[in-house]
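Before any comments, here is the structure.
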Amino acid sequence: MSVPAVPIKVRSWQRRGPLASAAWRHPLAIAGLVIAGAWIFIAIFAPLLAPHNPLAQSATTFVPPSWGHFFGTDELGRDVFSRVLYGARLSIPLALLLVTLALLIGGTVGAIAGYFGGIVDGFVMRSADLVFAFPAIILAMVVTAALGPTVRNAVLALVIVSWPSYARVVRGLVLSVGEAEYVQSARLLGKSARRTLIRDILPNVFGPVLVLATLDLGNAVLLLSGLSFLGLGAQPPQPEWGAGVAEGTQYFQYWWIGTFPGLAIFTVVLAFNFLGDSLRDALDPQSSWSQGGDAE
Amino acid sequence: MSALEIRDLEVVYRDRGRGPVRAVAGASISVERGQIVGLVGESGCGKSSLAKAAVGLVPREAGDVLLDGRPLQPLRRKARSREDARIQMVFQNPFASLNPRRTVGAQIADGLTLAGAPSSTHHERTTALLDEVGIAASAVGRYPHQFSGGQRQRIAIARALAADPSVVVLDEPLSSLDASAQAQAANLLVRLARDRGLALLLISHDLGIVNHVADAVSVMYLGLVVETAPTRALWQAPKHPYTEALVAAIPHADGAGFLPEALPGEVPDPAQPPNGCRFHPRCPYVFDRCTTEVPPLYHLGADRTSACFLRDPATQSTEETAP
Amino acid sequence: MSALLDVQGLTVTLPTNSGPMTIVDDVDYAVEQGRVFGVAGESGSGKTISVLALMQLLPAGSSTSGVARYGGQDLLTLRSRALRNVRGAELAMVFQDPLTSLHPMLSIGKQLTEHVRSHEGASRAVAAKRAVELLEEVRIPDPEHALRGFPHQFSGGMRQRIAIAIALAARPKLLIADEPTTALDVTVQAGILRLLDRLRREQGLSVILITHDLGVMSSIADEVAIFYAGRIVESGPTRELLTSPRHPYTRALLDALPHPEQAGGTELVAIPGSPPTPRARPAGCAFHPRCPYAAEQCLVEVPPLVAVSASRLLACHVDPFRTG
C-alpha cells in the first residue's frame, strides 16, 4: 500500500500552533527581529548616529571605553564605536548581496538540473560536488588572493563558494515537489511541464529556500568578516568588523579594539539565525495541522 | 465503444538494484459511460500502477488504453491535449493532491481553462462545481489547509470535473477519510456517474464500499485481473478462489461473532511471481495444471470472467467445480 | 466477580496552544478477565487518548482525573518503579503502525529478548528460547531464522504479529490494541483477529481493542463501548449492541455501513455533518446537531450514562429505540 495518510497521533501536540501569529509569540523570533532590525537601522543611519568620523585619526590613542568614546579608541585614535556602527554599512548589505546572488545563481542552476534531469543534472551536480570538496574559506582565500584583495572580489569568491548549497537544495525540492500529487494533477489538467515548474513547483520551493537563505545570512557575515580578518576582503582603513577583530588581536591588552567588532558580528549572526529558525517554524505547520484526526 | 478500455496493460518498474518488476502483467478492464467499475485487490497487486498507467502518469510497457476508442498518449513534457485530458484522476492523499500555495478557485480554474471556458465564466462555473460536490462557494478564495480531508477530497473531485472529463480514475480516494466523510464522498461518486454519465474507475482495497457503490468489480492479484463480475454476482457467488478468500475475510457487523477466514501464506514478491497461476501457492483448490500453466481469463457469460482453471469450459463437466 | 480493570470518571485534558483541551470526558468502563473489550469511535472521539492515559503515555503537561483500578492499584497515579512494573508485565500495548512501533535498527530477536530480560531477569539463553516460543505463538514461520531478521524485511501483517509477540513477552494480563488491523489488508487482518481470539481463548488474555470498524468489533469483541466526542454514549455485549442499538449514533453508524445486499450503484446512508473536533464540542449532548431524534433537553443537558438493562449502559435523553 502507498504511504498511509492516517491521522497523526500524539506527536502533533509537540508542534507549534498552526497560524503565523502563533510564531510571533515565540521570544526568539521577536529577539531576532528586533536585533536584526536594529542593525539594519544602524546600517542606514550610521552617518547620523556615529559621534565621530570612523576614519578620523587623532592623538588620543588607546583610550578605554568612556563617555567620550563608548567603545574606546584604537591605535590610530579612531573612535571604535563609530567604526562599529559604520561597519554595519559594509557587512549587512554585502551579506544580503552575497546571499541573493548565490540564491539566484544556485537556485536557477538547481531548478534546471531538477527539471531536465539526465546529463544536465549530472553536470550540475558534479560541478557542485567539486566546489563542496574544498573548505569554503580556503577556496574563497584562493580566489581572492588570485584576483586581488578587494571587497568586490571577496563577494565574488564567496558567491562561487556558496552557490552549490542552493543548487542542491533547490534541485532536491524541485524533484520532490515535482512528484507531489498536485503537480501530477496539474499535468493531467493540461499544463505543460514548463508551466508546472514555474506556476506550481517553484512557489512551493520558495518557502524552504527562503529559510535557508535567512539562516545563511549569518554565515555570510561570518565569511565576509573572516576574509577581512585574513586581510583578503575589506582593506584598511575600511571599518569592517572582521578587520577590526584582526586589529584587536595585535593589541590584546587593549581589549576593546577587537571585542566590540567581534560582539557586533556575534549579535548579527545570532539575530539572523533566530529569524531563520522562526521563519522555518512559521512556514512549516500550515501543511500538517491535520483536521479531523488530530485528537484521538 | 466503452468510455475507457484498458487492454492487456503491462507496467514494468526498473529499479537499479532489483531488476525489472512487472507490477502489472497484462490487465484488461473496460468502463462504460455512467458506470462505476471497482478495482479491488490487496497490497502489491498493482492496482495503483494500473491506475497511473491508465491515465498516462507512468509509461506503459505494453497494452493499450483507449478513451472513447481513441488511443491515449502518455504524458510527456508538452501540455496534454484537450482530448487526452478527458481522463482525469483523483488521488489517495487529500493533503497532497491540492497545491498548498494556491487558492481552491485557482486550482479548479486550471481545469476550466483546459475545457475552453472563457475566464469571465470561471467564477460562476467554479461555484457551480463546488456546489455540485457539496462545498460552500466561499471556498473559492480559500486555501486547502483550511479544509478537512473529506472536503479536500471533494475539492479534488471538483477540480477533475472542471476539465469536463468523460472518465475519472480514482486511486483509493476514500481510504484516508473517516466513516462519515467516506460515505458522503462515495455517495457523491454515485451521483456523478448517474447524473453526468461519467465513467468512473474506483480503485480501493475496501471491498465493502466498492461493492455498495460500484456496478461491476474487477479483482486483481499480483499484477493480473483474476475475476470481473457485476457487483452483486461477485459478492454472492465468486468464481475465483482469491475472490472467495477476500469475501470470506471480510468481517460482518451483525453481532453474530463471525470470525473472518484468513488466507494462508504471503503475497509473493512481484519480481519473482510463482510459475503457472500466480495464486496457486495459496489456493485451497490447487491441482497440477495450476503450477505450470497460466490460466487465461475465461468468459463465463453475463459479463463475468475468471482466470481459474476450475472455470475452464473444456473441463466443466468432468471437474469438481468450486461453488 | 470483580473486573480486571475498572475505570471510573476518567477525564483527560491535553495542553494546546490555546489552553487545555478536554479530550476524554468522564468515562466509565470495566474490562473482565479473559474478555475482549471493544472501544469504538471515529476520529476526535478520544478513544486512543483514553487508553494512553492508562499507560501514562500522555504528552507532558496533560492532566487526568478519575481512577483506573487494576490489581488494587490506581494506574493513573502510579510512579516510576510501580509504573515500570505494570507496563509490559501487566499491561502491554500494540499500535496501529507496526513499522514505527518496532525499532528499525534492532533485530527482532534483540527486541524480543530485551523485553523478556528486563522484566524477568532471565539469562540470554532462556530469553532466546522464550523469544522463539513467542514467535511460534504468533505463528511466524521459521522462528529461529526470523530472530535474526529486521523489521523492514517483514510484511505489514508479520510485523504486527511481531509487535504482538513483543507485547506478550513479559506475560501481561491485559493487552491494549489500538487500531491493530486498520493499516492491513483484509485477509491479513483476518489472520490477526484470529490470533487475538486464540490468545484470548488459550491464555485467558484480556484485550482492549480500539477500532472504528464495527465489523472487527463484531468478530472478536465480547463487550463494546461506543465513544463520541470524548464520552461513552452506549456500551454493552457486542451481539446485543449491534443487533439492537439504543443510541442514535450507534444506529446511524450501523446504517452507514455498506450492505452487500444492496450491491451496485446505490448510495450509502451517510450521517450528515462530521464528528466535532475536541475544541468545538457542542453543549449538552455532543451528538445533538446530527441526531434526528434530538429534543430540547439534548441541547443543554449532557445525558448521563445509565444502566438501561442488566448489561447495557446508555447516555441518551430520548432513548428512541427503547423496546417494551
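Labels for the C-alpha cells follow display order: chains A, B, ..., residues from 1 in each chain, ligands from 1.
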| said: Using only C-alpha atoms, which protein or nucleic acid residues come within 7 Å of Val133 of chain B? Drop anything in the same chain fewer than 6 positions from it, and give the result as a PyMOL selection string. | reply: chain B and resi 154+158+188
Keeping only C-alpha atoms, write the selected residues as an mmCIF file, in the first residue's frame.
data_model
loop_
_atom_site.group_PDB
_atom_site.id
_atom_site.type_symbol
_atom_site.label_atom_id
_atom_site.label_comp_id
_atom_site.auth_asym_id
_atom_site.auth_seq_id
_atom_site.Cartn_x
_atom_site.Cartn_y
_atom_site.Cartn_z
ATOM 1 C CA ARG B 154 -14.347 16.661 -2.760
ATOM 2 C CA ALA B 158 -14.473 19.242 -8.418
ATOM 3 C CA LEU B 188 -21.108 11.876 -4.437
#
| query | So which residues touch segment 37-42 of chain A within 10 Å, counting only C-alpha atoms, skipping near sequence neighbours fewer than 5 positions away, as number ranges by chain? | reply | A: 31-32, 47-50, 84-89, 92-93, 264, 267-268, 271
| query | Which residues, written as a VMD selection string, have at least one atom at most 10 Å from Ser2 of chain B, with only C-alpha atoms counted and residues fewer than 4 positions away on the same chain left out? | reply | chain B and resid 6 30 to 33 66 to 69 199
| segment 42-167 of chain B: residues DSSP assigns to alpha helix (DSSP H), reported as a PyMOL selection string | chain B and resi 47-55+104-114+122-132+149-162
| Which chain B residues are at most 6 Å from chain A (counting only C-alpha atoms), as an MDAnalysis selection string? | chainID B and resid 43 77:80 96:99 111 148 176
| request: Using only C-alpha atoms, determine which residues of chain B fall within 6 Å of chain C; present them as a PyMOL selection string. | output: chain B and resi 42+180+183-184+187+208-209+211-215+231-232+249+251-255+257-263
For the selection just defined, write its residues with N, CA and C atoms to a file, as a PDB file, in the first residue's frame.
ATOM      1  N   GLU B  42      -5.371  -6.433  -2.886  1.00  0.00           N
ATOM      2  CA  GLU B  42      -4.622  -6.072  -1.691  1.00  0.00           C
ATOM      3  C   GLU B  42      -3.255  -5.502  -2.049  1.00  0.00           C
ATOM      4  N   SER B 180     -17.763   9.033   8.256  1.00  0.00           N
ATOM      5  CA  SER B 180     -18.778   9.956   7.739  1.00  0.00           C
ATOM      6  C   SER B 180     -18.345  10.527   6.401  1.00  0.00           C
ATOM      7  N   ALA B 183     -18.596   7.962   3.519  1.00  0.00           N
ATOM      8  CA  ALA B 183     -19.938   7.716   2.991  1.00  0.00           C
ATOM      9  C   ALA B 183     -20.374   8.873   2.107  1.00  0.00           C
ATOM     10  N   GLN B 184     -20.090  10.095   2.565  1.00  0.00           N
ATOM     11  CA  GLN B 184     -20.501  11.255   1.774  1.00  0.00           C
ATOM     12  C   GLN B 184     -19.794  11.288   0.431  1.00  0.00           C
ATOM     13  N   ASN B 187     -21.163   8.573  -1.903  1.00  0.00           N
ATOM     14  CA  ASN B 187     -22.457   8.943  -2.477  1.00  0.00           C
ATOM     15  C   ASN B 187     -22.298   9.967  -3.582  1.00  0.00           C
ATOM     16  N   GLY B 208     -16.047  -3.622   0.884  1.00  0.00           N
ATOM     17  CA  GLY B 208     -17.402  -3.279   1.313  1.00  0.00           C
ATOM     18  C   GLY B 208     -17.949  -2.062   0.587  1.00  0.00           C
ATOM     19  N   ILE B 209     -17.204  -0.979   0.622  1.00  0.00           N
ATOM     20  CA  ILE B 209     -17.690   0.249  -0.035  1.00  0.00           C
ATOM     21  C   ILE B 209     -17.778   0.056  -1.541  1.00  0.00           C
ATOM     22  N   ASN B 211     -18.292  -2.609  -3.199  1.00  0.00           N
ATOM     23  CA  ASN B 211     -19.443  -3.430  -3.541  1.00  0.00           C
ATOM     24  C   ASN B 211     -20.748  -2.658  -3.482  1.00  0.00           C
ATOM     25  N   HIS B 212     -20.805  -1.691  -2.621  1.00  0.00           N
ATOM     26  CA  HIS B 212     -22.043  -0.939  -2.473  1.00  0.00           C
ATOM     27  C   HIS B 212     -22.212   0.057  -3.609  1.00  0.00           C
ATOM     28  N   VAL B 213     -21.102   0.629  -4.008  1.00  0.00           N
ATOM     29  CA  VAL B 213     -21.146   1.785  -4.882  1.00  0.00           C
ATOM     30  C   VAL B 213     -20.934   1.434  -6.364  1.00  0.00           C
ATOM     31  N   ALA B 214     -20.196   0.366  -6.613  1.00  0.00           N
ATOM     32  CA  ALA B 214     -19.824   0.051  -7.993  1.00  0.00           C
ATOM     33  C   ALA B 214     -20.861  -0.840  -8.668  1.00  0.00           C
ATOM     34  N   ASP B 215     -20.939  -0.709  -9.995  1.00  0.00           N
ATOM     35  CA  ASP B 215     -21.835  -1.573 -10.760  1.00  0.00           C
ATOM     36  C   ASP B 215     -21.168  -2.901 -11.081  1.00  0.00           C
ATOM     37  N   THR B 231     -21.458  -6.450  -9.537  1.00  0.00           N
ATOM     38  CA  THR B 231     -21.172  -6.444  -8.107  1.00  0.00           C
ATOM     39  C   THR B 231     -21.921  -7.496  -7.306  1.00  0.00           C
ATOM     40  N   ARG B 232     -23.216  -7.541  -7.479  1.00  0.00           N
ATOM     41  CA  ARG B 232     -23.982  -8.465  -6.649  1.00  0.00           C
ATOM     42  C   ARG B 232     -23.563  -9.904  -6.909  1.00  0.00           C
ATOM     43  N   ALA B 249     -12.934 -13.080   4.094  1.00  0.00           N
ATOM     44  CA  ALA B 249     -12.100 -12.395   5.084  1.00  0.00           C
ATOM     45  C   ALA B 249     -12.740 -11.123   5.604  1.00  0.00           C
ATOM     46  N   PRO B 251     -15.073  -8.911   7.740  1.00  0.00           N
ATOM     47  CA  PRO B 251     -15.884  -9.060   8.956  1.00  0.00           C
ATOM     48  C   PRO B 251     -17.307  -8.540   8.735  1.00  0.00           C
ATOM     49  N   HIS B 252     -18.248  -9.085   9.482  1.00  0.00           N
ATOM     50  CA  HIS B 252     -19.632  -8.628   9.391  1.00  0.00           C
ATOM     51  C   HIS B 252     -20.025  -7.958  10.687  1.00  0.00           C
ATOM     52  N   ALA B 253     -20.652  -6.820  10.571  1.00  0.00           N
ATOM     53  CA  ALA B 253     -21.019  -6.089  11.787  1.00  0.00           C
ATOM     54  C   ALA B 253     -22.401  -6.469  12.275  1.00  0.00           C
ATOM     55  N   ASP B 254     -22.668  -7.763  12.327  1.00  0.00           N
ATOM     56  CA  ASP B 254     -24.018  -8.158  12.711  1.00  0.00           C
ATOM     57  C   ASP B 254     -24.096  -8.751  14.107  1.00  0.00           C
ATOM     58  N   GLY B 255     -22.979  -8.707  14.824  1.00  0.00           N
ATOM     59  CA  GLY B 255     -23.025  -9.208  16.185  1.00  0.00           C
ATOM     60  C   GLY B 255     -23.050 -10.710  16.291  1.00  0.00           C
ATOM     61  N   GLY B 257     -20.699 -12.742  15.798  1.00  0.00           N
ATOM     62  CA  GLY B 257     -19.432 -13.335  16.219  1.00  0.00           C
ATOM     63  C   GLY B 257     -18.718 -14.097  15.125  1.00  0.00           C
ATOM     64  N   PHE B 258     -19.018 -13.774  13.876  1.00  0.00           N
ATOM     65  CA  PHE B 258     -18.373 -14.442  12.749  1.00  0.00           C
ATOM     66  C   PHE B 258     -16.904 -14.050  12.685  1.00  0.00           C
ATOM     67  N   LEU B 259     -16.034 -15.039  12.741  1.00  0.00           N
ATOM     68  CA  LEU B 259     -14.603 -14.763  12.707  1.00  0.00           C
ATOM     69  C   LEU B 259     -14.145 -14.906  11.256  1.00  0.00           C
ATOM     70  N   PRO B 260     -13.609 -13.853  10.662  1.00  0.00           N
ATOM     71  CA  PRO B 260     -13.279 -13.927   9.233  1.00  0.00           C
ATOM     72  C   PRO B 260     -12.190 -14.948   8.955  1.00  0.00           C
ATOM     73  N   GLU B 261     -12.215 -15.514   7.751  1.00  0.00           N
ATOM     74  CA  GLU B 261     -11.231 -16.504   7.334  1.00  0.00           C
ATOM     75  C   GLU B 261      -9.952 -15.818   6.915  1.00  0.00           C
ATOM     76  N   ALA B 262      -8.831 -16.360   7.318  1.00  0.00           N
ATOM     77  CA  ALA B 262      -7.546 -15.807   6.901  1.00  0.00           C
ATOM     78  C   ALA B 262      -7.026 -16.589   5.713  1.00  0.00           C
ATOM     79  N   LEU B 263      -6.218 -15.949   4.914  1.00  0.00           N
ATOM     80  CA  LEU B 263      -5.630 -16.607   3.758  1.00  0.00           C
ATOM     81  C   LEU B 263      -4.210 -17.017   4.124  1.00  0.00           C
TER      82      LEU B 263
END
| message | Give me, as number ranges by chain, all polymer residues having an atom no more than 9 Å from Leu195 of chain C, counting only C-alpha atoms and skipping those fewer than 3 positions away in the same chain. | response | C: 137-139, 161, 190-192, 198-200
Output file for the residues above (N, CA and C atoms, as a PDB file, in the first residue's frame):
ATOM      1  N   GLU C 137       4.069 -18.719  18.925  1.00  0.00           N
ATOM      2  CA  GLU C 137       2.740 -18.379  19.426  1.00  0.00           C
ATOM      3  C   GLU C 137       1.990 -17.499  18.427  1.00  0.00           C
ATOM      4  N   VAL C 138       2.696 -16.557  17.842  1.00  0.00           N
ATOM      5  CA  VAL C 138       2.026 -15.669  16.887  1.00  0.00           C
ATOM      6  C   VAL C 138       2.158 -16.180  15.456  1.00  0.00           C
ATOM      7  N   ARG C 139       2.588 -17.409  15.307  1.00  0.00           N
ATOM      8  CA  ARG C 139       2.627 -18.081  14.012  1.00  0.00           C
ATOM      9  C   ARG C 139       3.528 -17.386  12.999  1.00  0.00           C
ATOM     10  N   ARG C 161       2.288  -9.045  13.929  1.00  0.00           N
ATOM     11  CA  ARG C 161       2.392 -10.245  14.766  1.00  0.00           C
ATOM     12  C   ARG C 161       3.605 -10.147  15.688  1.00  0.00           C
ATOM     13  N   ALA C 190      -7.741 -10.566   8.942  1.00  0.00           N
ATOM     14  CA  ALA C 190      -8.420 -11.766   9.428  1.00  0.00           C
ATOM     15  C   ALA C 190      -7.466 -12.624  10.237  1.00  0.00           C
ATOM     16  N   GLY C 191      -6.221 -12.725   9.762  1.00  0.00           N
ATOM     17  CA  GLY C 191      -5.222 -13.514  10.488  1.00  0.00           C
ATOM     18  C   GLY C 191      -4.947 -12.942  11.872  1.00  0.00           C
ATOM     19  N   ILE C 192      -4.825 -11.638  11.970  1.00  0.00           N
ATOM     20  CA  ILE C 192      -4.540 -11.012  13.265  1.00  0.00           C
ATOM     21  C   ILE C 192      -5.719 -11.175  14.208  1.00  0.00           C
ATOM     22  N   ARG C 198      -7.492 -16.448  19.509  1.00  0.00           N
ATOM     23  CA  ARG C 198      -6.872 -17.652  20.044  1.00  0.00           C
ATOM     24  C   ARG C 198      -6.146 -17.349  21.351  1.00  0.00           C
ATOM     25  N   LEU C 199      -5.463 -16.214  21.393  1.00  0.00           N
ATOM     26  CA  LEU C 199      -4.754 -15.843  22.625  1.00  0.00           C
ATOM     27  C   LEU C 199      -5.744 -15.678  23.778  1.00  0.00           C
ATOM     28  N   ARG C 200      -6.884 -15.121  23.443  1.00  0.00           N
ATOM     29  CA  ARG C 200      -7.892 -14.945  24.480  1.00  0.00           C
ATOM     30  C   ARG C 200      -8.383 -16.304  24.977  1.00  0.00           C
TER      31      ARG C 200
END
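Neighbours of segment 132-145 of chain A closer than or equal to 8 Å, with only C-alpha atoms counted and sequence neighbours fewer than 4 positions away skipped, come out as Ala128, Pro149, Thr150, Asn153, Ala154, Ala157, Leu158, Ile160, Val161, Ser162, Pro164, Leu223, Gly226, Leu227, Leu232 and Gly233 of chain A.
Nearest to chain C of all the residues A:Leu230, A:Asp277, A:Gly106, A:His26 is A:His26, based on only C-alpha atoms.
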| said: Distance cut-off 9 Å, counting only C-alpha atoms - which residues of chain C neighbour chain A? Return them as a ChimeraX atom specification. | reply: /C:14-18,23,42-50,58-59,183-185,274-278
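Picture a line from atom CA of Gly118 of chain A to atom CA of Leu173 of chain A; it runs 16.6 Å.
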| message | Quick check, in Å to one decimal: how far apart do atom CA of Phe287 of chain C and atom CA of Asp25 of chain C lie? | response | 14.1 Å
| said: Taking 5 positions as the minimum chain separation for residues in the same chain, which residues sit within 10 Å of Leu106 of chain C when counting only C-alpha atoms? Answer as a list in words. | reply: Gln111, Leu112, Arg148, Gly149, Phe150 and Pro151 of chain C
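Each of A:Leu210, A:Val124, A:Ile35, A:Leu76 was checked against Ala282 of chain A using only C-alpha atoms; the smallest atom-to-atom distance is that of A:Leu210.
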| query | Running DSSP on the backbone, which parts of segment 231-278 of chain C land in strand (DSSP E or B), as a PyMOL selection string? | reply | chain C and resi 231-237
| remark: Of B:Thr292, B:Ala162, B:Leu297, B:Phe287, the one nearest to Asn275 of chain B when counting only C-alpha atoms is B:Thr292
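Among the candidates A:Gly114, A:Trp256, A:Val131, A:Tyr251, the residue lying nearest to Leu175 of chain A is A:Gly114 (atoms considered: only C-alpha atoms).
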| field | Nearest-residue call for Pro230 of chain B, choices B:Glu83, B:Glu5, B:Asp269, B:Asp303, using only C-alpha atoms | value | B:Asp303
